[in-house]
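Enquirer: Sending over start15.txt (compact mmCIF, C-alpha atoms).
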```
# COMPACT_ATOMS: atom_id res chain seq x y z
CA MET A 12 107.58 137.58 33.49
CA THR A 13 107.18 137.67 37.24
CA ARG A 14 104.06 135.74 38.19
CA ARG A 15 103.25 137.74 41.29
CA LEU A 16 103.49 141.43 41.93
CA LEU A 17 105.01 140.99 45.37
CA ALA A 18 107.41 138.36 46.62
CA PRO A 19 106.16 135.84 49.18
CA LEU A 20 107.29 135.79 52.76
CA ALA A 21 110.14 133.32 53.26
CA LEU A 22 112.53 132.13 55.94
CA GLY A 23 115.71 130.20 55.34
CA ALA A 24 115.82 126.47 55.87
CA ALA A 25 118.35 126.87 58.64
CA SER A 26 116.01 128.95 60.77
CA VAL A 27 113.18 126.48 60.13
CA LEU A 28 115.28 123.62 61.39
CA ALA A 29 116.50 125.62 64.36
CA LEU A 30 113.04 126.53 65.56
CA ALA A 31 111.64 123.11 64.76
CA GLY A 32 114.34 121.60 66.93
CA CYS A 33 113.03 123.39 70.00
CA ALA A 34 109.36 122.89 69.13
CA GLY A 35 109.23 119.69 71.11
CA ALA A 36 109.83 121.67 74.30
CA SER A 37 106.50 123.49 73.90
CA PRO A 38 104.07 122.42 76.60
CA SER A 39 101.23 122.44 74.08
CA ALA A 40 103.03 120.48 71.39
CA GLY A 41 100.87 117.73 69.96
CA SER A 42 97.69 119.07 71.56
CA THR A 43 94.45 119.19 69.56
CA ALA A 44 92.84 121.96 71.60
CA SER A 45 93.82 125.48 72.56
CA ALA A 46 94.29 126.55 76.16
CA ASP A 47 90.56 127.30 76.50
CA GLY A 48 89.53 123.87 75.23
CA LYS A 49 88.58 124.88 71.69
CA VAL A 50 89.50 122.68 68.73
CA THR A 51 92.56 124.14 67.04
CA VAL A 52 92.00 124.40 63.29
CA VAL A 53 94.81 125.33 60.90
CA ALA A 54 93.86 126.38 57.37
CA SER A 55 96.19 127.02 54.47
CA THR A 56 94.44 130.31 53.61
CA ASP A 57 92.01 132.66 55.30
CA VAL A 58 89.35 131.55 52.81
CA TYR A 59 89.20 128.13 54.45
CA GLY A 60 89.83 129.70 57.84
CA SER A 61 86.67 131.78 57.42
CA ILE A 62 84.62 128.71 56.49
CA ALA A 63 85.98 126.83 59.52
CA GLU A 64 85.10 129.74 61.81
CA ALA A 65 81.55 129.82 60.44
CA VAL A 66 81.09 126.10 61.14
CA GLY A 67 83.02 125.89 64.40
CA GLY A 68 81.69 129.06 65.96
CA ASP A 69 82.69 129.57 69.57
CA PHE A 70 84.20 126.11 69.84
CA VAL A 71 87.16 126.45 67.48
CA ASP A 72 90.37 128.43 67.46
CA VAL A 73 91.33 129.01 63.80
CA THR A 74 94.75 129.97 62.43
CA SER A 75 95.22 130.65 58.72
CA ILE A 76 98.72 130.43 57.27
CA ILE A 77 98.05 132.83 54.37
CA THR A 78 96.13 135.95 55.38
CA SER A 79 97.40 138.61 52.98
CA PRO A 80 96.86 139.27 49.26
CA THR A 81 100.62 139.83 48.98
CA GLN A 82 101.29 136.17 49.84
CA ASP A 83 100.89 133.73 46.97
CA PRO A 84 99.86 130.20 48.02
CA HIS A 85 101.48 128.79 44.87
CA GLU A 86 104.87 130.13 45.87
CA TYR A 87 104.66 130.60 49.62
CA GLU A 88 107.64 129.33 51.60
CA ALA A 89 106.64 128.11 55.03
CA SER A 90 108.32 129.38 58.17
CA ALA A 91 109.40 127.65 61.35
CA GLN A 92 106.40 129.18 63.13
CA ASP A 93 104.10 127.65 60.50
CA GLN A 94 105.60 124.25 61.24
CA LEU A 95 104.95 124.67 64.96
CA THR A 96 101.39 125.79 64.21
CA LEU A 97 100.75 122.62 62.21
CA LYS A 98 102.30 120.48 64.94
CA ASN A 99 99.69 121.71 67.42
CA ALA A 100 96.71 121.44 65.07
CA GLY A 101 93.59 119.47 65.88
CA LEU A 102 92.26 119.74 62.32
CA VAL A 103 94.00 120.83 59.12
CA ILE A 104 92.25 122.23 56.04
CA GLU A 105 94.10 122.65 52.75
CA ASN A 106 93.09 123.29 49.16
CA GLY A 107 95.22 120.63 47.47
CA ALA A 108 95.97 119.91 43.81
CA GLY A 109 99.23 121.84 43.99
CA TYR A 110 97.62 125.15 44.92
CA ASP A 111 99.04 125.25 48.45
CA SER A 112 101.76 122.66 48.09
CA PHE A 113 103.65 124.16 51.05
CA MET A 114 101.09 122.41 53.25
CA GLU A 115 102.34 118.97 52.20
CA GLY A 116 105.82 119.79 53.47
CA LEU A 117 104.47 121.30 56.67
CA ILE A 118 102.26 118.31 57.42
CA GLN A 119 105.15 115.92 57.01
CA ALA A 120 107.80 118.03 58.77
CA SER A 121 105.60 118.93 61.74
CA GLY A 122 104.68 115.34 62.53
CA THR A 123 101.10 116.40 63.26
CA ALA A 124 98.58 113.63 63.85
CA ALA A 125 95.67 115.92 62.96
CA PRO A 126 93.14 114.81 60.33
CA VAL A 127 93.46 116.66 57.03
CA LEU A 128 90.57 117.85 54.88
CA THR A 129 91.55 118.58 51.26
CA ALA A 130 89.04 120.86 49.54
CA VAL A 131 89.62 119.73 45.95
CA GLU A 132 88.50 116.23 46.89
CA TYR A 133 84.99 117.64 47.37
CA ASN A 134 84.89 118.99 43.82
CA HIS A 135 83.09 116.77 41.33
CA ASP A 136 85.62 117.51 38.58
CA TYR A 137 88.56 116.35 40.66
CA PRO A 138 90.09 113.17 39.22
CA GLY A 139 88.92 110.20 41.26
CA ALA A 140 86.55 112.26 43.41
CA GLU A 141 83.45 110.50 44.65
CA SER A 142 80.05 112.13 44.95
CA HIS A 143 79.26 113.63 48.36
CA ASP A 144 75.63 114.40 47.62
CA ASP A 145 74.25 111.95 50.16
CA ALA A 146 75.07 114.08 53.20
CA SER A 147 77.81 111.67 54.21
CA PRO A 148 81.10 113.53 53.90
CA ALA A 149 84.07 111.58 52.64
CA PRO A 150 86.29 110.48 55.52
CA SER A 151 89.20 112.80 56.07
CA GLU A 152 92.74 111.52 56.19
CA SER A 153 94.98 111.61 59.18
CA ALA A 154 98.37 113.23 58.70
CA ASP A 155 99.95 109.77 58.88
CA ASP A 156 97.98 108.75 55.79
CA HIS A 157 98.63 111.98 53.96
CA ALA A 158 102.00 111.28 52.34
CA HIS A 159 101.72 111.34 48.55
CA ASP A 160 104.00 110.08 45.85
CA GLU A 161 105.03 112.56 43.19
CA GLY A 162 102.36 112.93 40.53
CA ASP A 163 99.58 111.28 42.53
CA GLY A 164 97.29 114.31 42.32
CA HIS A 165 98.58 116.85 44.82
CA ASP A 166 100.89 118.49 42.31
CA HIS A 167 99.26 120.78 39.77
CA ILE A 168 96.89 118.70 37.64
CA GLU A 169 96.78 119.56 33.96
CA GLY A 170 93.32 120.70 32.93
CA PHE A 171 91.93 120.89 36.48
CA ASN A 172 90.99 124.26 37.97
CA GLU A 173 92.15 124.05 41.57
CA HIS A 174 90.46 127.29 42.70
CA VAL A 175 87.55 125.29 44.10
CA TRP A 176 86.50 127.78 46.79
CA TYR A 177 84.81 129.70 43.96
CA ASP A 178 82.51 126.70 43.41
CA PRO A 179 79.52 126.94 45.77
CA HIS A 180 78.74 123.22 45.48
CA THR A 181 82.27 122.26 46.54
CA VAL A 182 82.05 124.60 49.52
CA GLU A 183 78.71 123.06 50.54
CA ASP A 184 80.26 119.58 50.60
CA LEU A 185 83.40 120.79 52.37
CA THR A 186 81.24 122.51 54.98
CA ALA A 187 79.50 119.23 55.77
CA ALA A 188 82.87 117.50 56.06
CA ILE A 189 84.20 120.15 58.45
CA ALA A 190 81.11 119.82 60.67
CA SER A 191 81.44 116.06 60.68
CA LYS A 192 85.12 116.10 61.60
CA LEU A 193 84.70 118.77 64.28
CA GLY A 194 81.90 116.65 65.74
CA GLU A 195 84.33 113.75 66.07
CA LEU A 196 86.92 115.95 67.74
CA ALA A 197 84.46 117.68 70.08
CA PRO A 198 81.44 115.37 70.48
CA ASP A 199 79.80 117.60 73.08
CA HIS A 200 79.24 120.23 70.40
CA VAL A 201 77.97 118.10 67.52
CA ALA A 202 74.61 119.87 67.56
CA ASP A 203 76.31 123.27 67.45
CA PHE A 204 78.52 122.32 64.52
CA ASN A 205 75.61 120.86 62.58
CA ALA A 206 73.44 123.92 63.21
CA ASN A 207 76.24 126.27 62.16
CA ALA A 208 76.88 124.21 59.03
CA GLU A 209 73.19 124.27 58.14
CA ALA A 210 73.04 128.06 58.55
CA PHE A 211 76.20 128.49 56.47
CA THR A 212 74.86 126.18 53.75
CA GLN A 213 71.70 128.27 53.57
CA GLN A 214 73.88 131.32 52.96
CA ILE A 215 75.66 129.47 50.17
CA ALA A 216 72.25 128.67 48.71
CA GLY A 217 71.64 132.41 48.71
CA LEU A 218 74.79 132.86 46.64
CA GLU A 219 73.55 130.23 44.21
CA ASP A 220 70.21 132.04 43.94
CA SER A 221 72.06 135.24 43.02
CA LEU A 222 74.08 133.37 40.39
CA ASP A 223 70.86 131.90 38.99
CA GLN A 224 69.49 135.43 38.64
CA ILE A 225 72.53 136.40 36.57
CA LYS A 226 72.13 133.23 34.52
CA ALA A 227 68.48 133.98 33.79
CA LYS A 228 69.41 137.41 32.43
CA ASP A 229 72.90 137.03 30.97
CA ALA A 230 73.45 133.35 30.12
CA GLY A 231 75.85 132.97 27.22
CA GLN A 232 77.52 136.35 27.60
CA LYS A 233 81.24 136.10 26.84
CA ILE A 234 83.83 137.07 29.42
CA PHE A 235 87.62 137.27 29.48
CA VAL A 236 89.51 136.10 32.58
CA THR A 237 93.23 136.72 32.86
CA GLU A 238 93.59 133.66 35.11
CA PRO A 239 91.11 130.82 35.86
CA VAL A 240 90.54 131.86 39.50
CA PRO A 241 86.83 132.85 39.11
CA VAL A 242 85.75 130.36 36.44
CA TYR A 243 83.69 128.10 38.73
CA LEU A 244 81.64 131.12 39.79
CA THR A 245 81.20 132.51 36.28
CA THR A 246 80.23 129.09 34.95
CA ALA A 247 77.56 128.82 37.66
CA ALA A 248 76.30 132.19 36.41
CA GLY A 249 75.94 130.76 32.90
CA LEU A 250 78.68 132.91 31.39
CA ASP A 251 80.94 131.80 28.52
CA ASN A 252 84.68 132.03 29.25
CA ALA A 253 86.03 133.03 25.84
CA THR A 254 89.63 133.52 26.99
CA PRO A 255 92.21 131.66 24.87
CA ASN A 256 93.32 128.77 27.08
CA GLU A 257 96.99 129.46 26.51
CA PHE A 258 96.61 133.01 27.79
CA SER A 259 95.11 132.16 31.19
CA GLU A 260 97.29 129.06 31.60
CA SER A 261 100.46 131.04 30.88
CA VAL A 262 99.52 133.70 33.42
CA GLU A 263 98.67 131.07 36.03
CA GLU A 264 101.99 129.30 35.50
CA GLY A 265 104.00 132.54 35.57
CA GLN A 266 105.08 132.18 31.96
CA ASP A 267 105.13 134.68 29.11
CA VAL A 268 102.00 134.63 26.99
CA PRO A 269 102.97 133.57 23.44
CA PRO A 270 102.83 136.53 21.05
CA ALA A 271 100.28 134.80 18.81
CA THR A 272 98.01 134.17 21.82
CA LEU A 273 98.35 137.77 22.97
CA LEU A 274 97.40 138.96 19.49
CA GLU A 275 94.41 136.60 19.48
CA SER A 276 93.33 137.98 22.85
CA LEU A 277 93.61 141.59 21.74
CA GLN A 278 91.61 140.83 18.60
CA LEU A 279 88.94 139.16 20.73
CA LEU A 280 88.67 142.24 22.92
CA ASP A 281 88.47 144.39 19.80
CA SER A 282 85.67 142.26 18.33
CA GLY A 283 82.97 143.56 20.63
CA GLN A 284 82.10 140.05 21.86
CA ILE A 285 83.48 140.40 25.39
CA LYS A 286 81.06 141.76 27.97
CA VAL A 287 83.29 141.77 31.08
CA MET A 288 86.96 141.22 31.91
CA ILE A 289 87.93 139.69 35.27
CA VAL A 290 91.46 140.24 36.58
CA ASN A 291 93.24 138.60 39.50
CA PRO A 292 95.15 141.52 41.09
CA GLN A 293 97.48 139.05 42.81
CA THR A 294 99.04 138.22 39.45
CA GLY A 295 100.71 140.59 37.04
CA GLY A 296 102.80 140.96 33.94
CA ALA A 297 103.12 142.95 30.77
CA GLU A 298 100.57 140.85 28.90
CA VAL A 299 97.95 141.20 31.64
CA THR A 300 98.48 144.96 31.67
CA LYS A 301 98.17 145.09 27.89
CA VAL A 302 94.83 143.25 27.69
CA GLN A 303 93.52 145.19 30.67
CA ASP A 304 94.40 148.47 28.97
CA GLU A 305 92.78 147.26 25.76
CA ALA A 306 89.58 146.34 27.60
CA LYS A 307 89.38 149.77 29.20
CA ALA A 308 90.00 151.41 25.82
CA LYS A 309 87.04 149.45 24.43
CA ASN A 310 84.85 150.38 27.43
CA ILE A 311 84.71 146.78 28.61
CA PRO A 312 84.13 146.72 32.40
CA VAL A 313 87.14 145.34 34.29
CA ILE A 314 86.56 143.84 37.74
CA GLU A 315 88.90 142.13 40.19
CA PHE A 316 88.50 138.74 41.88
CA THR A 317 91.19 137.87 44.42
CA GLU A 318 92.41 134.54 45.81
CA THR A 319 92.30 135.53 49.47
CA LEU A 320 89.84 137.46 51.62
CA PRO A 321 89.88 141.25 51.45
CA GLU A 322 90.34 142.84 54.85
CA GLY A 323 87.24 142.72 57.02
CA GLN A 324 85.36 140.24 54.83
CA THR A 325 84.00 136.79 55.60
CA TYR A 326 83.71 134.10 52.96
CA ILE A 327 80.01 134.84 52.43
CA SER A 328 80.32 138.64 52.32
CA TRP A 329 83.27 138.32 49.94
CA MET A 330 81.36 136.09 47.54
CA GLN A 331 78.33 138.37 47.77
CA SER A 332 80.57 141.29 46.79
CA ASN A 333 82.05 139.34 43.89
CA ILE A 334 78.63 138.35 42.58
CA LYS A 335 77.33 141.90 42.88
CA ALA A 336 80.38 143.26 41.04
CA LEU A 337 79.81 140.73 38.27
CA SER A 338 76.10 141.56 38.02
CA ASP A 339 76.80 145.30 37.96
CA ALA A 340 79.48 144.91 35.29
CA LEU A 341 77.18 142.86 33.07
CA ALA A 342 74.50 145.54 33.43
CA ALA A 343 76.88 148.38 32.53
```
Could you write out this file's structure as structure tokens?
Expert:
Amino acid sequence: MTRRLLAPLALGAASVLALAGCAGASPSAGSTASADGKVTVVASTDVYGSIAEAVGGDFVDVTSIITSPTQDPHEYEASAQDQLTLKNAGLVIENGAGYDSFMEGLIQASGTAAPVLTAVEYNHDYPGAESHDDASPAPSESADDHAHDEGDGHDHIEGFNEHVWYDPHTVEDLTAAIASKLGELAPDHVADFNANAEAFTQQIAGLEDSLDQIKAKDAGQKIFVTEPVPVYLTTAAGLDNATPNEFSESVEEGQDVPPATLLESLQLLDSGQIKVMIVNPQTGGAEVTKVQDEAKAKNIPVIEFTETLPEGQTYISWMQSNIKALSDALAA
């Protein structure tokens, strides 16, 4: 089974080394600000890029490495240009927990001295995570401190859902951390960053209100997710993820779903218990197609939640669309 429908963008190692070798000649190499004095922020995906833009406003220049639904962060192979981009970063934002592992290699290879914010570390389920409820964001690491030994938590963690941008509470805490770090990098704009973060947090609270409305009406309804991408959001809405664990885990890992698990999943869909199916269109395979076809045959609404921003969307508008799609599907 091929995990992703489209192959990721890749450049050979030779070209990476060749371009990296001339990177030192760039007049802006090692800078933490763009030519117009803005803080340069590099995010692993446009999801985190959008959050950084909301907090930084007019005083940041944001570059996202992954900006297309056809590029899979799990499998993305970084380019020489990506390495140069990281080298010139003032602040780096990654997901962590093995989701965007290409960032680890880029951080080390680029030699950037930029501080690194790792989103999973603001999730309360993350192993070893500390609470950030007291409005004092955890200190970010510098790139020099960011080297990790194998198995220390930045590879995929068994049992941990790394898709933390679907958890509003994690995004609230990450937002505070971004504002705090930008304030250190550009002290003249601390008030701007804090005001932007407060406004953004209020919008997240609006998302949580919408999820509470779903919870009040549909708590306990069973759903089927082909991959665990949206589970933080559906849990916040009070929904019961009834998907056999081995099904969603196999799809996430790019492995064939065991025949017995596929049969169990089809029987579940046939039972009438499942209210909504959620599919990640950035993953595919025969088993996903089969359960999706079965859901449609049983008149179970099928909706799509992606891993990256649809064109023209911000983080908030994207989540609003996802929540509305979920609410509409439950009401169908």
Enquirer: Give the answer as one residue: which of A:Pro138, A:Gly48, A:Gly194, A:Gly265 has the shortest atom-to-atom distance to His85 of chain A, using only C-alpha atoms?
Expert: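 Comparing A:Pro138, A:Gly48, A:Gly194, A:Gly265 against His85 of chain A, the winner is A:Gly265.
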Enquirer: Out of A:Gln284, A:Thr81, A:Thr237, A:Asn333, which residue has the shortest atom-to-atom distance to Val302 of chain A when counting only C-alpha atoms?
Expert: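 Among A:Gln284, A:Thr81, A:Thr237, A:Asn333, it is A:Thr237 that comes nearest to Val302 of chain A.
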Enquirer: For Glu169 of chain A, which residue among A:Ala210, A:Ala343, A:Leu218, A:Ala108 is the nearest when counting all atoms listed in the file?
Expert: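 When distances to Glu169 of chain A are compared using all atoms listed in the file, the smallest one comes from A:Ala108.
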Enquirer: Show me as a ChimeraX atom specification the residues that reach within 12 Å of (75.9, 122.8, 63.1), counting only C-alpha atoms and using the file's own coordinates.
Expert: /A:63-70,186-194,198-213
Enquirer: In Å to one decimal, how far is atom CA of Ile311 of chain A from atom CA of Ser332 of chain A?
Expert: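 Result for atom CA of Ser332 of chain A versus atom CA of Ile311 of chain A: 19.4 Å, one decimal.
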Enquirer: Figure out the distance between atom CA of Val103 of chain A and atom CA of Thr245 of chain A, please, to one decimal in Å.
Expert: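 Going from atom CA of Thr245 of chain A over to atom CA of Val103 of chain A, I get 28.7 Å.
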Enquirer: For Leu320 of chain A, which residue among A:Ala340, A:Pro269, A:Val131, A:Gln293 is the nearest when counting all atoms listed in the file?
Expert: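 Result for the nearest residue to Leu320 of chain A: A:Gln293.
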Enquirer: Rank nothing, just name the residue among A:Ser261, A:Thr56, A:Thr129, A:Thr294 nearest to Ile77 of chain A, using only C-alpha atoms.
Expert: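 Among the listed residues, the smallest separation from Ile77 of chain A belongs to A:Thr56.
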Enquirer: Go through A:Ser75, A:Thr300, A:Gln224, A:Asn134 and flag the residue nearest His174 of chain A, using all atoms listed in the file for the distances.
Expert: A:Asn134
Enquirer: For Glu105 of chain A, list every protein, DNA or RNA residue within 9 Å, evaluated using only C-alpha atoms, and leave out those in the same chain fewer than 2 positions away; present the list as a VMD selection string.
Expert: chain A and resid 53 to 56 59 103 107 110 to 112 114 127 to 131
Enquirer: Put the listed atoms of segment 227-241 of chain A in a box along x, y and z with 3 Å added on every side and give me the centre and edge lengths in Å to one decimal, as lines of an AutoDock Vina configuration file.
Expert:
```
center_x = 81.0
center_y = 134.1
center_z = 33.2
size_x = 31.1
size_y = 12.6
size_z = 18.7
```
Enquirer: Find the residues around Val236 of chain A up to 10 Å (only C-alpha atoms counted), leave out those fewer than 5 positions away in its own chain, and share them as a list in words.
Expert: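 Close residues of Val236 of chain A: Pro241, Val242, Thr245, Asn252, Ala253, Thr254, Pro255, Asn256, Phe258, Ser259, Val287, Met288, Ile289, Val290, Asn291, Val299, Val313, Ile314, Glu315 and Phe316 of chain A.
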Enquirer: Because some atoms of segment 232-254 of chain A are absent here, can you restore N, CA, C and O atoms and send them as a PDB file, in the coordinates of the input?
Expert:
```pdb
ATOM      1  N   GLN A 232      76.665 135.189  27.801  1.00  0.00           N
ATOM      2  CA  GLN A 232      77.520 136.350  27.600  1.00  0.00           C
ATOM      3  C   GLN A 232      78.992 135.924  27.721  1.00  0.00           C
ATOM      4  O   GLN A 232      79.360 135.131  28.583  1.00  0.00           O
ATOM      5  N   LYS A 233      79.829 136.481  26.866  1.00  0.00           N
ATOM      6  CA  LYS A 233      81.240 136.100  26.840  1.00  0.00           C
ATOM      7  C   LYS A 233      82.050 136.987  27.776  1.00  0.00           C
ATOM      8  O   LYS A 233      81.856 138.207  27.822  1.00  0.00           O
ATOM      9  N   ILE A 234      82.942 136.348  28.513  1.00  0.00           N
ATOM     10  CA  ILE A 234      83.830 137.070  29.420  1.00  0.00           C
ATOM     11  C   ILE A 234      85.270 136.690  29.124  1.00  0.00           C
ATOM     12  O   ILE A 234      85.548 135.667  28.486  1.00  0.00           O
ATOM     13  N   PHE A 235      86.184 137.517  29.616  1.00  0.00           N
ATOM     14  CA  PHE A 235      87.620 137.270  29.480  1.00  0.00           C
ATOM     15  C   PHE A 235      88.201 137.260  30.887  1.00  0.00           C
ATOM     16  O   PHE A 235      88.018 138.222  31.643  1.00  0.00           O
ATOM     17  N   VAL A 236      88.882 136.182  31.254  1.00  0.00           N
ATOM     18  CA  VAL A 236      89.510 136.100  32.580  1.00  0.00           C
ATOM     19  C   VAL A 236      91.019 135.955  32.377  1.00  0.00           C
ATOM     20  O   VAL A 236      91.465 135.096  31.616  1.00  0.00           O
ATOM     21  N   THR A 237      91.784 136.783  33.049  1.00  0.00           N
ATOM     22  CA  THR A 237      93.230 136.720  32.860  1.00  0.00           C
ATOM     23  C   THR A 237      93.846 135.488  33.504  1.00  0.00           C
ATOM     24  O   THR A 237      94.962 135.098  33.171  1.00  0.00           O
ATOM     25  N   GLU A 238      93.135 134.882  34.439  1.00  0.00           N
ATOM     26  CA  GLU A 238      93.590 133.660  35.110  1.00  0.00           C
ATOM     27  C   GLU A 238      92.324 132.909  35.530  1.00  0.00           C
ATOM     28  O   GLU A 238      91.291 133.532  35.778  1.00  0.00           O
ATOM     29  N   PRO A 239      92.354 131.571  35.635  1.00  0.00           N
ATOM     30  CA  PRO A 239      91.110 130.820  35.860  1.00  0.00           C
ATOM     31  C   PRO A 239      90.544 130.867  37.272  1.00  0.00           C
ATOM     32  O   PRO A 239      89.647 130.083  37.602  1.00  0.00           O
ATOM     33  N   VAL A 240      91.006 131.784  38.116  1.00  0.00           N
ATOM     34  CA  VAL A 240      90.540 131.860  39.500  1.00  0.00           C
ATOM     35  C   VAL A 240      89.014 131.874  39.615  1.00  0.00           C
ATOM     36  O   VAL A 240      88.437 131.109  40.393  1.00  0.00           O
ATOM     37  N   PRO A 241      88.270 132.729  38.860  1.00  0.00           N
ATOM     38  CA  PRO A 241      86.830 132.850  39.110  1.00  0.00           C
ATOM     39  C   PRO A 241      85.944 131.970  38.250  1.00  0.00           C
ATOM     40  O   PRO A 241      84.726 132.117  38.282  1.00  0.00           O
ATOM     41  N   VAL A 242      86.521 131.039  37.489  1.00  0.00           N
ATOM     42  CA  VAL A 242      85.750 130.360  36.440  1.00  0.00           C
ATOM     43  C   VAL A 242      84.614 129.505  36.993  1.00  0.00           C
ATOM     44  O   VAL A 242      83.541 129.413  36.379  1.00  0.00           O
ATOM     45  N   TYR A 243      84.795 128.871  38.159  1.00  0.00           N
ATOM     46  CA  TYR A 243      83.690 128.100  38.730  1.00  0.00           C
ATOM     47  C   TYR A 243      82.470 129.015  38.973  1.00  0.00           C
ATOM     48  O   TYR A 243      81.330 128.628  38.699  1.00  0.00           O
ATOM     49  N   LEU A 244      82.727 130.198  39.476  1.00  0.00           N
ATOM     50  CA  LEU A 244      81.640 131.120  39.790  1.00  0.00           C
ATOM     51  C   LEU A 244      80.966 131.627  38.508  1.00  0.00           C
ATOM     52  O   LEU A 244      79.736 131.682  38.420  1.00  0.00           O
ATOM     53  N   THR A 245      81.773 131.994  37.519  1.00  0.00           N
ATOM     54  CA  THR A 245      81.200 132.510  36.280  1.00  0.00           C
ATOM     55  C   THR A 245      80.465 131.422  35.500  1.00  0.00           C
ATOM     56  O   THR A 245      79.460 131.695  34.840  1.00  0.00           O
ATOM     57  N   THR A 246      80.936 130.198  35.593  1.00  0.00           N
ATOM     58  CA  THR A 246      80.230 129.090  34.950  1.00  0.00           C
ATOM     59  C   THR A 246      78.876 128.873  35.605  1.00  0.00           C
ATOM     60  O   THR A 246      77.864 128.638  34.930  1.00  0.00           O
ATOM     61  N   ALA A 247      78.834 128.963  36.941  1.00  0.00           N
ATOM     62  CA  ALA A 247      77.560 128.820  37.660  1.00  0.00           C
ATOM     63  C   ALA A 247      76.597 129.932  37.269  1.00  0.00           C
ATOM     64  O   ALA A 247      75.378 129.744  37.349  1.00  0.00           O
ATOM     65  N   ALA A 248      77.136 131.076  36.846  1.00  0.00           N
ATOM     66  CA  ALA A 248      76.300 132.190  36.410  1.00  0.00           C
ATOM     67  C   ALA A 248      75.914 132.076  34.936  1.00  0.00           C
ATOM     68  O   ALA A 248      75.257 132.978  34.398  1.00  0.00           O
ATOM     69  N   GLY A 249      76.322 130.990  34.282  1.00  0.00           N
ATOM     70  CA  GLY A 249      75.940 130.760  32.900  1.00  0.00           C
ATOM     71  C   GLY A 249      76.744 131.534  31.880  1.00  0.00           C
ATOM     72  O   GLY A 249      76.349 131.624  30.712  1.00  0.00           O
ATOM     73  N   LEU A 250      77.881 132.092  32.292  1.00  0.00           N
ATOM     74  CA  LEU A 250      78.680 132.910  31.390  1.00  0.00           C
ATOM     75  C   LEU A 250      79.678 132.046  30.614  1.00  0.00           C
ATOM     76  O   LEU A 250      80.083 130.973  31.061  1.00  0.00           O
ATOM     77  N   ASP A 251      80.065 132.530  29.440  1.00  0.00           N
ATOM     78  CA  ASP A 251      80.940 131.800  28.520  1.00  0.00           C
ATOM     79  C   ASP A 251      82.352 132.377  28.626  1.00  0.00           C
ATOM     80  O   ASP A 251      82.591 133.528  28.243  1.00  0.00           O
ATOM     81  N   ASN A 252      83.281 131.596  29.157  1.00  0.00           N
ATOM     82  CA  ASN A 252      84.680 132.030  29.250  1.00  0.00           C
ATOM     83  C   ASN A 252      85.320 131.894  27.865  1.00  0.00           C
ATOM     84  O   ASN A 252      85.642 130.798  27.418  1.00  0.00           O
ATOM     85  N   ALA A 253      85.501 133.029  27.203  1.00  0.00           N
ATOM     86  CA  ALA A 253      86.030 133.030  25.840  1.00  0.00           C
ATOM     87  C   ALA A 253      87.543 133.231  25.788  1.00  0.00           C
ATOM     88  O   ALA A 253      88.119 133.310  24.702  1.00  0.00           O
ATOM     89  N   THR A 254      88.196 133.286  26.942  1.00  0.00           N
ATOM     90  CA  THR A 254      89.630 133.520  26.990  1.00  0.00           C
ATOM     91  C   THR A 254      90.398 132.402  26.295  1.00  0.00           C
ATOM     92  O   THR A 254      90.139 131.221  26.559  1.00  0.00           O
TER      93      THR A 254
END
```
